[in-house]
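my_file-v8.cif follows (mmCIF, C-alpha atoms and all ligand atoms):
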data_structure
loop_
_atom_site.label_atom_id
_atom_site.label_comp_id
_atom_site.auth_asym_id
_atom_site.auth_seq_id
_atom_site.Cartn_x
_atom_site.Cartn_y
_atom_site.Cartn_z
CA MET A 30 0.00 0.00 0.00
CA GLU A 31 1.26 3.47 -0.84
CA VAL A 32 2.02 5.64 2.18
CA LYS A 33 -0.41 8.51 2.72
CA ASP A 34 0.15 11.87 1.07
CA LEU A 35 1.52 15.09 2.59
CA SER A 36 -0.75 17.77 4.05
CA GLU A 37 -2.82 19.96 1.71
CA ARG A 38 -1.13 22.92 3.37
CA VAL A 39 2.30 21.83 2.19
CA LYS A 40 1.05 21.15 -1.32
CA MET A 41 -0.21 24.74 -1.51
CA LEU A 42 3.19 26.29 -0.70
CA PRO A 43 4.61 28.27 -3.63
CA VAL A 44 8.17 27.52 -4.74
CA SER A 45 10.45 30.26 -3.38
CA ALA A 46 11.59 32.50 -6.24
CA VAL A 47 14.55 33.58 -4.07
CA ARG A 48 15.69 29.98 -3.72
CA VAL A 49 15.28 29.20 -7.43
CA LEU A 50 17.24 32.31 -8.45
CA SER A 51 19.92 31.83 -5.77
CA ASP A 52 20.46 28.25 -6.90
CA SER A 53 20.79 29.22 -10.55
CA ALA A 54 23.11 32.12 -9.63
CA LYS A 55 25.57 29.59 -8.18
CA THR A 56 26.15 28.15 -11.62
CA THR A 57 26.03 31.31 -13.73
CA ASP A 58 28.17 34.41 -14.05
CA VAL A 59 25.72 36.82 -12.39
CA ILE A 60 25.63 39.19 -9.46
CA ARG A 61 23.32 37.82 -6.76
CA LEU A 62 20.75 40.35 -5.60
CA THR A 63 18.31 37.75 -4.29
CA ALA A 64 18.86 37.16 -0.56
CA GLY A 65 19.27 40.25 1.65
CA ASP A 66 22.52 39.12 3.21
CA PRO A 67 25.13 41.82 3.98
CA ASP A 68 28.37 41.36 2.01
CA PHE A 69 30.52 41.80 5.12
CA ASN A 70 30.88 39.59 8.18
CA THR A 71 29.46 40.11 11.67
CA PRO A 72 31.54 42.79 13.49
CA LYS A 73 34.41 41.41 15.55
CA HIS A 74 33.21 42.67 18.95
CA ILE A 75 29.95 40.73 18.51
CA VAL A 76 31.76 37.51 17.58
CA GLU A 77 34.16 37.93 20.51
CA ALA A 78 31.32 38.51 22.97
CA ALA A 79 29.56 35.37 21.74
CA LEU A 80 32.76 33.31 22.08
CA ARG A 81 33.25 34.61 25.61
CA GLU A 82 29.65 33.87 26.62
CA ALA A 83 29.78 30.38 25.08
CA GLU A 84 32.96 29.63 27.03
CA GLU A 85 31.24 30.82 30.20
CA GLY A 86 28.35 28.44 29.63
CA LEU A 87 25.62 30.49 27.96
CA THR A 88 24.84 27.36 26.00
CA HIS A 89 21.58 26.19 27.58
CA TYR A 90 17.90 26.66 26.82
CA THR A 91 16.61 30.15 27.55
CA SER A 92 13.12 31.41 28.32
CA SER A 93 10.79 30.79 25.35
CA ALA A 94 10.43 34.56 24.95
CA GLY A 95 14.24 35.06 24.98
CA LEU A 96 16.78 36.14 27.61
CA PRO A 97 15.31 38.84 29.91
CA GLN A 98 18.45 41.02 29.43
CA LEU A 99 17.98 40.89 25.67
CA ARG A 100 14.28 41.78 25.95
CA GLU A 101 15.21 44.72 28.16
CA ALA A 102 17.84 45.86 25.62
CA ILE A 103 15.26 45.58 22.82
CA ALA A 104 12.74 47.62 24.87
CA ARG A 105 15.41 50.33 25.37
CA LYS A 106 16.22 50.36 21.65
CA LEU A 107 12.54 50.62 20.71
CA ARG A 108 12.03 53.46 23.21
CA VAL A 109 15.08 55.49 22.20
CA GLU A 110 15.12 54.91 18.44
CA ASN A 111 11.47 54.26 17.60
CA THR A 112 9.58 56.20 20.33
CA LEU A 113 7.78 52.96 21.25
CA SER A 114 7.20 51.94 24.84
CA TYR A 115 6.87 48.17 25.38
CA ASP A 116 6.99 46.16 28.60
CA PRO A 117 9.99 43.86 27.99
CA MET A 118 8.52 40.99 30.01
CA LYS A 119 5.03 41.06 28.51
CA GLN A 120 5.18 42.71 25.12
CA ILE A 121 8.42 41.52 23.50
CA ALA A 122 9.29 38.01 22.29
CA VAL A 123 12.68 37.08 20.82
CA THR A 124 12.39 34.72 17.85
CA ASN A 125 14.35 32.78 15.25
CA GLY A 126 15.04 35.88 13.12
CA GLY A 127 12.43 38.23 11.77
CA THR A 128 11.22 35.20 9.81
CA GLY A 129 10.33 33.45 13.06
CA ALA A 130 8.59 36.56 14.39
CA LEU A 131 6.46 36.86 11.25
CA ALA A 132 5.61 33.16 11.00
CA LEU A 133 4.60 32.93 14.67
CA THR A 134 2.58 36.16 14.37
CA PHE A 135 0.53 34.68 11.50
CA LEU A 136 0.07 31.45 13.47
CA ALA A 137 -1.09 33.48 16.46
CA LEU A 138 -3.58 35.61 14.50
CA LEU A 139 -5.06 33.52 11.70
CA ASN A 140 -7.97 31.12 11.58
CA PRO A 141 -8.52 28.98 8.46
CA GLY A 142 -9.54 31.20 5.55
CA ASP A 143 -8.58 34.52 7.18
CA ARG A 144 -7.07 36.90 4.67
CA VAL A 145 -3.84 38.87 4.94
CA LEU A 146 -3.06 41.80 2.66
CA ILE A 147 0.60 41.69 1.63
CA PRO A 148 2.72 44.05 -0.50
CA ASP A 149 3.14 43.10 -4.18
CA PRO A 150 5.96 43.11 -5.09
CA GLY A 151 7.01 42.03 -1.62
CA TRP A 152 9.27 39.66 0.25
CA THR A 153 8.61 36.16 -1.09
CA ASN A 154 8.28 34.47 2.33
CA TYR A 155 5.06 36.23 3.40
CA LYS A 156 2.83 34.06 1.21
CA PRO A 157 4.10 30.60 2.26
CA MET A 158 4.07 31.63 5.93
CA ILE A 159 0.46 32.75 5.67
CA ILE A 160 -0.56 29.58 3.82
CA ALA A 161 1.23 27.44 6.42
CA ALA A 162 -0.78 29.26 9.10
CA GLY A 163 -4.05 28.40 7.31
CA GLY A 164 -4.63 31.89 5.89
CA GLU A 165 -4.92 33.37 2.44
CA ALA A 166 -2.45 35.97 1.14
CA ILE A 167 -3.80 38.73 -1.11
CA GLY A 168 -1.28 41.08 -2.75
CA TYR A 169 -1.91 44.84 -2.80
CA PRO A 170 -0.17 46.42 -5.79
CA LEU A 171 2.82 48.75 -5.45
CA ARG A 172 3.53 50.51 -8.74
CA ARG A 173 6.63 52.20 -10.06
CA VAL A 174 4.55 55.29 -11.13
CA ASP A 175 3.54 55.73 -7.45
CA GLY A 176 7.14 55.38 -6.24
CA PHE A 177 6.11 51.87 -5.08
CA LYS A 178 3.91 53.44 -2.37
CA PRO A 179 0.56 51.82 -1.51
CA ASN A 180 -2.68 53.33 -2.83
CA ILE A 181 -4.94 53.56 0.23
CA SER A 182 -8.30 53.64 -1.56
CA GLU A 183 -7.29 50.68 -3.70
CA ILE A 184 -6.39 48.72 -0.56
CA GLU A 185 -9.64 49.75 1.11
CA ALA A 186 -11.59 48.27 -1.82
CA MET A 187 -9.74 44.96 -1.32
CA VAL A 188 -10.79 44.55 2.33
CA THR A 189 -13.56 41.99 2.92
CA ASP A 190 -15.15 40.48 6.03
CA ARG A 191 -12.43 37.84 5.93
CA THR A 192 -9.51 40.32 5.95
CA LYS A 193 -7.81 40.30 9.35
CA VAL A 194 -4.26 41.59 8.86
CA ILE A 195 -2.30 43.99 6.65
CA VAL A 196 1.46 43.62 6.30
CA VAL A 197 3.41 46.87 5.96
CA ASN A 198 7.08 46.63 4.98
CA THR A 199 9.08 49.83 5.17
CA PRO A 200 11.87 50.22 4.13
CA SER A 201 10.65 47.79 1.51
CA ASN A 202 12.26 44.68 0.14
CA PRO A 203 12.48 44.56 -2.85
CA THR A 204 11.45 48.07 -3.98
CA GLY A 205 13.51 50.16 -1.54
CA ALA A 206 10.58 52.54 -0.95
CA VAL A 207 10.50 54.21 2.48
CA TYR A 208 7.06 55.30 3.74
CA ASP A 209 6.77 58.66 5.50
CA LYS A 210 4.65 59.53 8.53
CA ASP A 211 1.71 60.83 6.49
CA LEU A 212 1.40 57.71 4.36
CA LEU A 213 1.76 55.43 7.39
CA GLY A 214 -0.86 57.56 9.17
CA GLU A 215 -3.29 56.90 6.29
CA LEU A 216 -2.55 53.17 6.42
CA VAL A 217 -3.20 53.16 10.17
CA GLU A 218 -6.49 55.07 9.69
CA LEU A 219 -7.58 52.41 7.23
CA ALA A 220 -6.60 49.62 9.64
CA VAL A 221 -8.59 51.28 12.43
CA LYS A 222 -11.62 51.85 10.18
CA LYS A 223 -11.61 48.22 8.98
CA ASN A 224 -10.47 46.78 12.32
CA LEU A 225 -7.32 45.10 10.95
CA TYR A 226 -4.15 44.03 12.72
CA ILE A 227 -1.02 45.60 11.26
CA VAL A 228 2.17 43.57 10.96
CA SER A 229 4.95 46.12 10.54
CA ASP A 230 8.08 44.49 9.11
CA GLU A 231 10.94 46.89 9.90
CA VAL A 232 13.96 44.64 9.40
CA TYR A 233 15.52 47.11 6.94
CA GLU A 234 15.08 50.14 9.21
CA LYS A 235 18.80 51.00 9.11
CA VAL A 236 19.16 50.58 5.35
CA VAL A 237 17.97 54.07 4.38
CA PHE A 238 19.63 56.54 2.03
CA ASP A 239 19.20 60.00 0.49
CA GLY A 240 17.96 61.79 3.60
CA HIS A 241 15.03 59.43 4.21
CA SER A 242 14.28 58.35 7.75
CA HIS A 243 12.46 55.32 9.08
CA VAL A 244 9.19 55.73 10.97
CA SER A 245 7.73 52.89 13.05
CA THR A 246 4.06 52.23 12.26
CA ALA A 247 3.15 51.49 15.90
CA ALA A 248 4.24 55.03 16.89
CA LEU A 249 1.37 56.62 14.92
CA PRO A 250 -1.88 57.57 16.66
CA GLY A 251 -4.28 54.62 16.96
CA ALA A 252 -1.72 52.04 15.84
CA PHE A 253 -0.13 50.74 19.04
CA GLU A 254 -2.85 48.36 20.19
CA ARG A 255 -3.29 46.73 16.77
CA THR A 256 0.33 46.61 15.52
CA ILE A 257 2.93 43.87 15.81
CA THR A 258 6.36 45.40 15.22
CA VAL A 259 8.80 42.91 13.70
CA ASN A 260 12.53 43.54 13.62
CA SER A 261 15.75 41.56 13.43
CA LEU A 262 19.48 41.73 14.08
CA SER A 263 20.15 40.16 10.66
CA LYS A 264 20.46 43.17 8.37
CA THR A 265 21.52 45.87 10.84
CA TYR A 266 24.39 43.90 12.39
CA ALA A 267 25.22 41.51 9.54
CA MET A 268 23.98 38.63 11.68
CA THR A 269 21.77 36.72 9.23
CA GLY A 270 23.08 33.31 10.30
CA TRP A 271 22.71 33.94 14.02
CA ARG A 272 18.92 33.89 13.77
CA VAL A 273 17.79 36.57 16.19
CA GLY A 274 14.70 38.69 15.62
CA TYR A 275 11.75 39.83 17.67
CA ALA A 276 8.08 40.70 17.75
CA ALA A 277 6.75 43.52 19.94
CA GLY A 278 3.07 44.22 20.35
CA PRO A 279 -0.07 43.80 22.43
CA GLU A 280 0.42 41.45 25.39
CA LYS A 281 -2.28 39.07 24.14
CA VAL A 282 -0.50 38.56 20.81
CA VAL A 283 3.04 38.42 22.23
CA SER A 284 2.07 35.87 24.84
CA ALA A 285 0.60 33.68 22.04
CA ILE A 286 3.84 34.12 20.05
CA SER A 287 5.91 33.01 23.08
CA ALA A 288 3.66 29.97 23.59
CA LEU A 289 4.08 29.04 19.92
CA ASN A 290 7.85 29.65 20.15
CA SER A 291 7.97 27.27 23.10
CA ALA A 292 5.95 24.60 21.25
CA LEU A 293 7.74 24.86 17.90
CA ASN A 294 11.30 25.96 18.76
CA SER A 295 11.67 25.65 22.56
CA CYS A 296 13.44 29.01 22.68
CA PRO A 297 15.68 31.34 20.68
CA SER A 298 19.42 30.59 20.46
CA SER A 299 20.98 31.46 23.83
CA VAL A 300 24.50 32.30 22.65
CA SER A 301 23.25 34.40 19.71
C1 LIG B 1 11.39 42.06 4.21
C2 LIG B 1 12.03 41.03 5.05
N1 LIG B 1 11.49 40.74 6.24
C3 LIG B 1 12.03 39.83 7.06
C4 LIG B 1 13.16 39.14 6.70
C5 LIG B 1 13.68 38.13 7.66
O1 LIG B 1 15.02 38.14 7.92
P1 LIG B 1 15.61 37.37 9.20
O2 LIG B 1 14.75 36.18 9.44
O3 LIG B 1 16.99 37.01 8.85
O4 LIG B 1 15.51 38.33 10.33
C6 LIG B 1 13.75 39.37 5.44
C7 LIG B 1 14.94 38.61 4.99
O5 LIG B 1 15.37 38.68 3.88
C8 LIG B 1 13.17 40.34 4.60
O6 LIG B 1 13.69 40.62 3.40
#

Would you mind writing the file's structure down as structure tokens?
Amino acid sequence: MEVKDLSERVKMLPVSAVRVLSDSAKTTDVIRLTAGDPDFNTPKHIVEAALREAEEGLTHYTSSAGLPQLREAIARKLRVENTLSYDPMKQIAVTNGGTGALALTFLALLNPGDRVLIPDPGWTNYKPMIIAAGGEAIGYPLRRVDGFKPNISEIEAMVTDRTKVIVVNTPSNPTGAVYDKDLLGELVELAVKKNLYIVSDEVYEKVVFDGHSHVSTAALPGAFERTITVNSLSKTYAMTGWRVGYAAGPEKVVSAISALNSALNSCPSSVS
């Protein structure tokens, strides 16, 4: 008898364009612009600190929400740099990169058939994560003529009773667009009007040029209680392989993320 088939969920996962292109780039004379991996190594003082801590025994499981000292450091960073005030013990969870924060957020928020609005073009992992969490990903268009900024009335027309979450990614991968306060304010107004959660993916916050500055969505009026702020050490500190990211948001959501982190990963990497 033939063994039973895989889950329907897995069969629905799209093939990652990043993986296909990265694999073909290995065999061809091309410049790889697929994965967002800094072309320099992790700074020496970080590597040395990790070596020291590993030697001293920081090699065990940690709390499922991450080391308390790290959560406190993240809360300080979010307060000073992003004008966001989170309780480190209740509103911040350390995860396996920003990827882990996003995947666990979708698992925490979505019921089967719930819809998530995602940027198109956007980072290729959003869709499979949402499908794996039982949801449906719907792309909202970002056009070159608009400077790859979202059109609020167009997004509003896409919202249905099944829409639960909108993903905002600024600075954007792959377009490079950086959203200002006014545009983010309009997105937040829409989310409030339609009662949507906002997942604000800010992993590229330090990769800004030409006088632009990054604004955190959760800092805008009305946003805090419905926004999950996702960030990562990967891009800012050239630490993609260390797998440290975090989600900060309402206690109810963050406590669900920590419970899922415990069930699926035990905890984040202690030495990282
Ligand atoms: C837009 C965006 N969000 C999140 C991530 C997740 O990165 P990491 O899991 O390394 O933090 C990436 C990685 O390429 C990305 O491009």

Within 10 Å of ligand LIG 1 (chain B), counting all atoms listed in the file: which residues, as a CSV table (one decimal) with C-alpha atoms, in the frame of the given file?
chain,number,residue,atom,x,y,z
A,47,VAL,CA,14.6,33.6,-4.1
A,63,THR,CA,18.3,37.8,-4.3
A,64,ALA,CA,18.9,37.2,-0.6
A,65,GLY,CA,19.3,40.2,1.6
A,66,ASP,CA,22.5,39.1,3.2
A,124,THR,CA,12.4,34.7,17.8
A,125,ASN,CA,14.4,32.8,15.2
A,126,GLY,CA,15.0,35.9,13.1
A,127,GLY,CA,12.4,38.2,11.8
A,128,THR,CA,11.2,35.2,9.8
A,129,GLY,CA,10.3,33.4,13.1
A,130,ALA,CA,8.6,36.6,14.4
A,131,LEU,CA,6.5,36.9,11.2
A,132,ALA,CA,5.6,33.2,11.0
A,151,GLY,CA,7.0,42.0,-1.6
A,152,TRP,CA,9.3,39.7,0.2
A,153,THR,CA,8.6,36.2,-1.1
A,154,ASN,CA,8.3,34.5,2.3
A,155,TYR,CA,5.1,36.2,3.4
A,197,VAL,CA,3.4,46.9,6.0
A,198,ASN,CA,7.1,46.6,5.0
A,199,THR,CA,9.1,49.8,5.2
A,200,PRO,CA,11.9,50.2,4.1
A,201,SER,CA,10.6,47.8,1.5
A,202,ASN,CA,12.3,44.7,0.1
A,203,PRO,CA,12.5,44.6,-2.8
A,229,SER,CA,5.0,46.1,10.5
A,230,ASP,CA,8.1,44.5,9.1
A,231,GLU,CA,10.9,46.9,9.9
A,232,VAL,CA,14.0,44.6,9.4
A,233,TYR,CA,15.5,47.1,6.9
A,259,VAL,CA,8.8,42.9,13.7
A,260,ASN,CA,12.5,43.5,13.6
A,261,SER,CA,15.8,41.6,13.4
A,262,LEU,CA,19.5,41.7,14.1
A,263,SER,CA,20.2,40.2,10.7
A,264,LYS,CA,20.5,43.2,8.4
A,265,THR,CA,21.5,45.9,10.8
A,267,ALA,CA,25.2,41.5,9.5
A,268,MET,CA,24.0,38.6,11.7
A,269,THR,CA,21.8,36.7,9.2
A,270,GLY,CA,23.1,33.3,10.3
A,271,TRP,CA,22.7,33.9,14.0
A,272,ARG,CA,18.9,33.9,13.8
A,273,VAL,CA,17.8,36.6,16.2
A,274,GLY,CA,14.7,38.7,15.6
A,275,TYR,CA,11.8,39.8,17.7

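Between CA of Gly142 in chain A and CA of Ala94 in chain A lies a distance of 28.0 Å.
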
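Picture a line from CA of Thr192 in chain A to CA of Ile121 in chain A; it runs 25.1 Å.
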
Can you tell me, as a PDB file with C-alpha atoms, in the frame of the given file, what residues are no more than 10 Å from Val188 in chain A when counting all atoms listed in the file, ignoring any on the same chain fewer than 3 positions away?
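File produced: part-v3.pdb:
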ATOM      1  CA  ARG A 144      -7.070  36.900   4.670  1.00  0.00           C
ATOM      2  CA  VAL A 145      -3.840  38.870   4.940  1.00  0.00           C
ATOM      3  CA  LEU A 146      -3.060  41.800   2.660  1.00  0.00           C
ATOM      4  CA  ILE A 167      -3.800  38.730  -1.110  1.00  0.00           C
ATOM      5  CA  GLU A 183      -7.290  50.680  -3.700  1.00  0.00           C
ATOM      6  CA  ILE A 184      -6.390  48.720  -0.560  1.00  0.00           C
ATOM      7  CA  GLU A 185      -9.640  49.750   1.110  1.00  0.00           C
ATOM      8  CA  ARG A 191     -12.430  37.840   5.930  1.00  0.00           C
ATOM      9  CA  THR A 192      -9.510  40.320   5.950  1.00  0.00           C
ATOM     10  CA  LYS A 193      -7.810  40.300   9.350  1.00  0.00           C
ATOM     11  CA  VAL A 194      -4.260  41.590   8.860  1.00  0.00           C
ATOM     12  CA  ILE A 195      -2.300  43.990   6.650  1.00  0.00           C
ATOM     13  CA  LEU A 219      -7.580  52.410   7.230  1.00  0.00           C
ATOM     14  CA  ALA A 220      -6.600  49.620   9.640  1.00  0.00           C
ATOM     15  CA  LYS A 223     -11.610  48.220   8.980  1.00  0.00           C
ATOM     16  CA  LEU A 225      -7.320  45.100  10.950  1.00  0.00           C
TER      17      LEU A 225
END

* Structure fact -> The residue from A:Leu80, A:Val109, A:Leu35, A:Ile257 with the smallest atom-to-atom distance to Pro279 in chain A, counting only C-alpha atoms, is A:Ile257

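Closest approach to Ala276 in chain A among A:Phe69, A:Leu87, A:Leu216, A:Thr256 is made by A:Thr256 (distances from only C-alpha atoms).
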
* To do: Anything within 9 Å of (1.4, 45.7, -6.3): list those residues as a VMD selection string, counting all atoms listed in the file and sticking to the file's coordinates.
  => chain A and resid 147 to 151 168 to 172 177 179

* Asked: What lies within 12 Å of Thr112 in chain A using all atoms listed in the file, ignoring chain neighbours under 2 positions off, as a ChimeraX atom specification?
  -> /A:104-110,114-115,243-249,253

* To do: Calculate how many Å separate CA of Ala83 in chain A from CA of Pro97 in chain A, rounding to one decimal.
  => 17.4 Å

* Counting only C-alpha atoms, which of A:Pro141, A:Ala252, A:Val207, A:Phe135 gets nearest to Ala285 in chain A? -> A:Phe135

Quick one: contact table of range 143-223 of chain A to range 41-45 of chain A, 9 Å max, nearest atom pair and distance in Å to one decimal per residue, counting all atoms listed in the file, chain and number order, as JSON lines?
{"residue": "A:Thr153", "atom": "CA", "partner": "A:Ser45", "partner_atom": "CA", "distance": 6.6}
{"residue": "A:Asn154", "atom": "CA", "partner": "A:Ser45", "partner_atom": "CA", "distance": 7.4}
{"residue": "A:Lys156", "atom": "CA", "partner": "A:Pro43", "partner_atom": "CA", "distance": 7.8}
{"residue": "A:Pro157", "atom": "CA", "partner": "A:Leu42", "partner_atom": "CA", "distance": 5.3}
{"residue": "A:Met158", "atom": "CA", "partner": "A:Leu42", "partner_atom": "CA", "distance": 8.6}
{"residue": "A:Ile160", "atom": "CA", "partner": "A:Leu42", "partner_atom": "CA", "distance": 6.7}
{"residue": "A:Ala161", "atom": "CA", "partner": "A:Leu42", "partner_atom": "CA", "distance": 7.5}

Using the selection just defined, write its residues with C-alpha atoms as a PDB file, in the frame of the given file.
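part-v7.pdb written:
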ATOM      1  CA  THR A 153       8.610  36.160  -1.090  1.00  0.00           C
ATOM      2  CA  ASN A 154       8.280  34.470   2.330  1.00  0.00           C
ATOM      3  CA  LYS A 156       2.830  34.060   1.210  1.00  0.00           C
ATOM      4  CA  PRO A 157       4.100  30.600   2.260  1.00  0.00           C
ATOM      5  CA  MET A 158       4.070  31.630   5.930  1.00  0.00           C
ATOM      6  CA  ILE A 160      -0.560  29.580   3.820  1.00  0.00           C
ATOM      7  CA  ALA A 161       1.230  27.440   6.420  1.00  0.00           C
TER       8      ALA A 161
END

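Compared by their closest atoms to Glu165 in chain A, and using all atoms listed in the file, the residues A:Asn140, A:Thr258, A:Asn70, A:Asn290 rank with A:Asn140 nearest.
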
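Distance annotation: of A:Val217, A:Leu293, A:Ala102, A:Ile75, the residue with the minimal separation from Pro250 in chain A is A:Val217; atom set is all atoms listed in the file.
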
When you get a chance, write out N, CA and C atoms for range 214-226 of chain A, as an mmCIF file, in the coordinates of the input.
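Wrote it out as part.cif, contents follow:
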data_model
loop_
_atom_site.group_PDB
_atom_site.id
_atom_site.type_symbol
_atom_site.label_atom_id
_atom_site.label_comp_id
_atom_site.auth_asym_id
_atom_site.auth_seq_id
_atom_site.Cartn_x
_atom_site.Cartn_y
_atom_site.Cartn_z
ATOM 1 N N GLY A 214 0.329 57.104 8.438
ATOM 2 C CA GLY A 214 -0.860 57.560 9.170
ATOM 3 C C GLY A 214 -2.131 57.152 8.417
ATOM 4 N N GLU A 215 -2.112 57.278 7.088
ATOM 5 C CA GLU A 215 -3.290 56.900 6.290
ATOM 6 C C GLU A 215 -3.525 55.389 6.352
ATOM 7 N N LEU A 216 -2.427 54.629 6.312
ATOM 8 C CA LEU A 216 -2.550 53.170 6.420
ATOM 9 C C LEU A 216 -3.149 52.774 7.779
ATOM 10 N N VAL A 217 -2.686 53.455 8.828
ATOM 11 C CA VAL A 217 -3.200 53.160 10.170
ATOM 12 C C VAL A 217 -4.688 53.515 10.246
ATOM 13 N N GLU A 218 -5.061 54.675 9.687
ATOM 14 C CA GLU A 218 -6.490 55.070 9.690
ATOM 15 C C GLU A 218 -7.346 53.991 9.031
ATOM 16 N N LEU A 219 -6.846 53.474 7.931
ATOM 17 C CA LEU A 219 -7.580 52.410 7.230
ATOM 18 C C LEU A 219 -7.708 51.171 8.115
ATOM 19 N N ALA A 220 -6.588 50.807 8.768
ATOM 20 C CA ALA A 220 -6.600 49.620 9.640
ATOM 21 C C ALA A 220 -7.578 49.800 10.791
ATOM 22 N N VAL A 221 -7.652 51.025 11.329
ATOM 23 C CA VAL A 221 -8.590 51.280 12.430
ATOM 24 C C VAL A 221 -10.020 51.185 11.903
ATOM 25 N N LYS A 222 -10.268 51.854 10.757
ATOM 26 C CA LYS A 222 -11.620 51.850 10.180
ATOM 27 C C LYS A 222 -12.110 50.433 9.890
ATOM 28 N N LYS A 223 -11.213 49.580 9.378
ATOM 29 C CA LYS A 223 -11.610 48.220 8.980
ATOM 30 C C LYS A 223 -11.292 47.182 10.059
ATOM 31 N N ASN A 224 -10.817 47.659 11.195
ATOM 32 C CA ASN A 224 -10.470 46.780 12.320
ATOM 33 C C ASN A 224 -9.490 45.662 11.922
ATOM 34 N N LEU A 225 -8.357 46.054 11.364
ATOM 35 C CA LEU A 225 -7.320 45.100 10.950
ATOM 36 C C LEU A 225 -6.136 45.152 11.914
ATOM 37 N N TYR A 226 -5.484 44.011 12.096
ATOM 38 C CA TYR A 226 -4.150 44.030 12.720
ATOM 39 C C TYR A 226 -3.156 44.531 11.684
#
